[in-house]
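Reproduced below: query-v5.cif, with mmCIF, C-alpha atoms.
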data_work
loop_
_atom_site.group_PDB
_atom_site.id
_atom_site.type_symbol
_atom_site.label_atom_id
_atom_site.label_comp_id
_atom_site.auth_asym_id
_atom_site.auth_seq_id
_atom_site.Cartn_x
_atom_site.Cartn_y
_atom_site.Cartn_z
ATOM 1 C CA MET A 55 0.000 0.000 0.000
ATOM 2 C CA SER A 56 1.165 3.477 -0.702
ATOM 3 C CA THR A 57 1.767 6.039 1.989
ATOM 4 C CA ILE A 58 -1.224 8.111 0.898
ATOM 5 C CA VAL A 59 -3.575 5.151 1.292
ATOM 6 C CA LYS A 60 -2.144 4.313 4.724
ATOM 7 C CA SER A 61 -2.444 7.935 5.821
ATOM 8 C CA SER A 62 -6.038 8.116 4.653
ATOM 9 C CA ILE A 63 -6.895 4.912 6.551
ATOM 10 C CA TYR A 64 -5.350 6.250 9.759
ATOM 11 C CA GLY A 65 -7.012 9.631 9.192
ATOM 12 C CA THR A 66 -10.397 7.958 8.796
ATOM 13 C CA ALA A 67 -9.841 6.099 12.076
ATOM 14 C CA VAL A 68 -8.987 9.348 13.876
ATOM 15 C CA LEU A 69 -12.015 11.140 12.399
ATOM 16 C CA PHE A 70 -14.271 8.238 13.399
ATOM 17 C CA SER A 71 -12.949 8.415 16.983
ATOM 18 C CA LEU A 72 -13.375 12.174 17.076
ATOM 19 C CA ALA A 73 -16.961 11.910 15.805
ATOM 20 C CA ILE A 74 -17.859 9.342 18.474
ATOM 21 C CA TYR A 75 -16.256 11.491 21.149
ATOM 22 C CA LEU A 76 -18.003 14.692 20.054
ATOM 23 C CA LEU A 77 -21.417 13.094 19.565
ATOM 24 C CA PHE A 78 -21.621 10.805 22.572
ATOM 25 C CA VAL A 79 -19.012 11.608 25.235
ATOM 26 C CA ARG A 80 -18.535 15.376 25.114
ATOM 27 C CA PRO A 81 -22.162 16.252 25.986
ATOM 28 C CA ILE A 82 -21.947 14.272 29.245
ATOM 29 C CA ASN A 83 -21.395 16.412 32.319
ATOM 30 C CA PHE A 84 -19.078 14.519 34.658
ATOM 31 C CA ALA A 85 -18.747 17.481 37.024
ATOM 32 C CA ASP A 86 -21.629 16.232 39.164
ATOM 33 C CA THR A 87 -19.945 12.951 40.069
ATOM 34 C CA ILE A 88 -16.219 13.374 39.445
ATOM 35 C CA GLN A 89 -13.852 16.022 40.767
ATOM 36 C CA GLN A 90 -11.650 16.173 37.657
ATOM 37 C CA PRO A 91 -13.911 15.791 34.601
ATOM 38 C CA PHE A 92 -11.232 17.083 32.197
ATOM 39 C CA VAL A 93 -8.951 14.151 33.026
ATOM 40 C CA VAL A 94 -11.839 11.722 32.538
ATOM 41 C CA HIS A 95 -12.576 13.204 29.104
ATOM 42 C CA ILE A 96 -8.916 12.818 28.109
ATOM 43 C CA VAL A 97 -8.788 9.181 29.269
ATOM 44 C CA ILE A 98 -11.991 8.360 27.394
ATOM 45 C CA PHE A 99 -10.759 10.121 24.239
ATOM 46 C CA VAL A 100 -7.472 8.200 24.323
ATOM 47 C CA ALA A 101 -9.369 4.924 24.745
ATOM 48 C CA LEU A 102 -11.712 5.868 21.905
ATOM 49 C CA LEU A 103 -8.746 6.785 19.702
ATOM 50 C CA LEU A 104 -6.615 3.740 20.473
ATOM 51 C CA PHE A 105 -8.858 0.964 19.212
ATOM 52 C CA PRO A 106 -9.774 2.449 15.793
ATOM 53 C CA LEU A 107 -6.076 3.121 15.182
ATOM 54 C CA LEU A 108 -5.274 -0.488 16.058
ATOM 55 C CA ILE A 109 -8.047 -1.680 13.761
ATOM 56 C CA ALA A 110 -6.649 0.534 10.970
ATOM 57 C CA TRP A 111 -3.206 -0.960 11.582
ATOM 58 C CA LEU A 112 -4.719 -4.459 11.373
ATOM 59 C CA PHE A 113 -6.411 -3.515 8.109
ATOM 60 C CA ILE A 114 -3.110 -2.349 6.646
ATOM 61 C CA THR A 115 -0.992 -5.262 7.884
ATOM 62 C CA ARG A 116 -3.416 -8.207 7.948
ATOM 63 C CA GLY A 117 -6.000 -7.292 5.332
ATOM 64 C CA LYS A 118 -9.763 -7.161 5.125
ATOM 65 C CA SER A 119 -10.437 -10.417 6.957
ATOM 66 C CA ALA A 120 -8.815 -9.125 10.158
ATOM 67 C CA PHE A 121 -10.715 -5.875 9.775
ATOM 68 C CA PHE A 122 -14.045 -7.674 9.456
ATOM 69 C CA ILE A 123 -13.278 -9.721 12.571
ATOM 70 C CA ALA A 124 -12.185 -6.786 14.761
ATOM 71 C CA VAL A 125 -14.912 -4.274 13.843
ATOM 72 C CA PRO A 126 -17.927 -6.198 15.253
ATOM 73 C CA PHE A 127 -16.159 -6.606 18.595
ATOM 74 C CA TYR A 128 -15.377 -2.895 18.608
ATOM 75 C CA LEU A 129 -18.996 -1.981 17.861
ATOM 76 C CA ILE A 130 -20.235 -4.277 20.648
ATOM 77 C CA GLY A 131 -17.755 -2.606 22.993
ATOM 78 C CA LEU A 132 -19.057 0.809 21.928
ATOM 79 C CA PHE A 133 -22.585 -0.356 22.698
ATOM 80 C CA PHE A 134 -21.532 -1.258 26.242
ATOM 81 C CA LEU A 135 -19.772 2.083 26.617
ATOM 82 C CA TYR A 136 -22.882 3.923 25.416
ATOM 83 C CA ARG A 137 -25.024 1.876 27.801
ATOM 84 C CA GLY A 138 -22.811 2.755 30.737
ATOM 85 C CA PHE A 139 -22.795 6.478 30.063
ATOM 86 C CA TYR A 140 -26.466 6.987 29.309
ATOM 87 C CA MET A 141 -28.302 4.431 31.455
ATOM 88 C CA GLU A 142 -28.990 5.459 35.018
ATOM 89 C CA ASN A 143 -30.343 3.681 38.101
ATOM 90 C CA GLN A 144 -28.930 0.303 37.124
ATOM 91 C CA PHE A 145 -26.839 -1.954 39.290
ATOM 92 C CA SER A 146 -23.605 -3.373 38.016
ATOM 93 C CA ILE A 147 -21.313 -6.130 39.231
ATOM 94 C CA LEU A 148 -19.211 -3.559 41.069
ATOM 95 C CA ASP A 149 -22.341 -2.228 42.789
ATOM 96 C CA TYR A 150 -23.063 -5.635 44.263
ATOM 97 C CA LEU A 151 -19.473 -5.951 45.461
ATOM 98 C CA PHE A 152 -19.633 -2.653 47.313
ATOM 99 C CA ILE A 153 -23.093 -3.414 48.704
ATOM 100 C CA GLU A 154 -21.685 -6.536 50.357
ATOM 101 C CA ILE A 155 -18.839 -4.476 51.818
ATOM 102 C CA GLN A 156 -21.298 -1.900 53.144
ATOM 103 C CA GLN A 157 -23.513 -4.611 54.619
ATOM 104 C CA MET A 158 -20.544 -5.876 56.583
ATOM 105 C CA ASP A 159 -20.113 -2.358 57.937
ATOM 106 C CA ARG A 160 -23.798 -2.168 59.016
ATOM 107 C CA THR A 161 -23.744 1.629 59.304
ATOM 108 C CA THR A 162 -25.633 2.552 56.132
ATOM 109 C CA THR A 163 -28.524 1.191 54.178
ATOM 110 C CA PRO A 164 -26.775 -0.292 51.148
ATOM 111 C CA ALA A 165 -29.571 -0.031 48.605
ATOM 112 C CA LYS A 166 -29.950 3.706 49.074
ATOM 113 C CA GLU A 167 -26.359 4.747 49.684
ATOM 114 C CA ALA A 168 -24.540 2.760 47.010
ATOM 115 C CA ALA A 169 -23.324 4.804 44.076
ATOM 116 C CA SER A 170 -23.636 3.215 40.665
ATOM 117 C CA PHE A 171 -20.486 1.985 38.973
ATOM 118 C CA ILE A 172 -22.221 1.169 35.696
ATOM 119 C CA GLY A 173 -20.138 3.716 33.749
ATOM 120 C CA LEU A 174 -16.835 2.370 35.041
ATOM 121 C CA GLU A 175 -17.865 -1.220 34.496
ATOM 122 C CA SER A 176 -19.046 -0.473 30.962
ATOM 123 C CA PHE A 177 -15.769 1.315 30.196
ATOM 124 C CA PHE A 178 -13.841 -1.795 31.250
ATOM 125 C CA LEU A 179 -16.164 -3.991 29.185
ATOM 126 C CA TYR A 180 -15.534 -1.726 26.178
ATOM 127 C CA ILE A 181 -11.782 -2.116 26.615
ATOM 128 C CA ILE A 182 -11.908 -5.890 27.173
ATOM 129 C CA ILE A 183 -14.267 -6.649 24.275
ATOM 130 C CA SER A 184 -12.442 -4.368 21.828
ATOM 131 C CA GLU A 185 -9.078 -5.761 22.878
ATOM 132 C CA PHE A 186 -10.357 -9.322 22.457
ATOM 133 C CA GLY A 187 -11.498 -8.565 18.913
ATOM 134 C CA ILE A 188 -8.158 -6.998 18.019
ATOM 135 C CA LEU A 189 -6.182 -9.910 19.471
ATOM 136 C CA LEU A 190 -8.417 -12.410 17.697
ATOM 137 C CA ALA A 191 -7.944 -10.593 14.394
ATOM 138 C CA TYR A 192 -4.195 -10.262 14.974
ATOM 139 C CA PHE A 193 -3.669 -13.968 15.531
ATOM 140 C CA LEU A 194 -5.793 -14.888 12.540
ATOM 141 C CA LYS A 195 -3.670 -16.843 10.108
ATOM 142 C CA ARG A 196 -3.801 -15.798 6.500
ATOM 143 C CA ARG A 197 -4.710 -18.465 4.040
ATOM 144 C CA LYS A 198 -2.725 -17.896 0.920
ATOM 145 C CA GLY A 199 -4.399 -18.989 -2.255
ATOM 146 C CA LYS A 200 -7.713 -19.864 -0.618
ATOM 147 C CA THR A 201 -10.790 -17.779 -1.181
ATOM 148 C CA SER A 202 -13.128 -19.646 1.154
ATOM 149 C CA ILE A 203 -13.997 -18.081 4.493
ATOM 150 C CA CYS A 204 -14.557 -21.422 6.257
#
Is it possible to express this structure as structure tokens?
Amino acid sequence: MSTIVKSSIYGTAVLFSLAIYLLFVRPINFADTIQQPFVVHIVIFVALLLFPLLIAWLFITRGKSAFFIAVPFYLIGLFFLYRGFYMENQFSILDYLFIEIQQMDRTTTPAKEAASFIGLESFFLYIIISEFGILLAYFLKRRKGKTSIC
């Protein structure tokens, strides 16, 4: 591939990440729950930028088959990230862990005092699912001379 094609692929990945960040993450006001919302926005933007760049790199080095394997995992991870940021009043696995810790303390009512960790849990699910798709696509062996998918 020529340098112009590679640059356009990486540029498309960056623009895709920027569009997701501006449309879905930027409108969220983290100031109500987090003391340093600017740092949170930077961490989320880096995570949103990292995986499309890795998928673009896979497309350049491994071809279309690796791209078509990694993209569905990335989109599923984005769904979990969207769910975590925009769904409220849901319990997550981390919520249940901290409820058990608070019940051992016996000083507060756990169902009313527990803060929701659904955003944090969904962010970790986004990272794990996207990373799994990239690793699966990376270790995919190319079949030279075969056109069959199976």
| Residue neighbourhood Ala101 of chain A, 12 Å, all atoms listed in the file, exclusion window fewer than 5 positions, as a list in words | Val68, Ser71, Leu72, Ile74, Tyr75, Val79, Val94, His95, Ile96, Pro106, Leu107, Leu108, Tyr128, Gly131, Leu132, Leu135, Phe177, Phe178, Tyr180, Ile181, Ile182, Ser184 and Glu185 of chain A
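Nearest residue to Phe193 of chain A, choosing from A:Phe105, A:Ala124, A:Phe99, A:Leu77 and counting all atoms listed in the file: A:Ala124.
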Open item on the list: I need the output of the PyMOL selection byres ((chain A and resi 126) around 12) for this file as an NGL selection string; which residues are they?
Closed with: :A and (106 or 109 or 119-125 or 127-133 or 183-188 or 190-191)
note - atom CA of Leu69 of chain A and atom CA of Gly173 of chain A are separated by 24.0 Å
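Relative to atom CA of Leu112 of chain A, atom CA of Lys60 of chain A is found at 11.3 Å.
Atom CA of Phe113 of chain A to atom CA of Phe78 of chain A spans 25.4 Å [interatomic distance, one decimal].
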From the list A:Val93, A:Ile58, A:Ile114, A:Leu103, the nearest residue to Ala73 of chain A using all atoms listed in the file is A:Leu103
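Between Gly117 of chain A and the candidates A:Leu174, A:Val97, A:Leu194, A:Ile82, the tightest atom-to-atom separation, counting only C-alpha atoms, involves A:Leu194.
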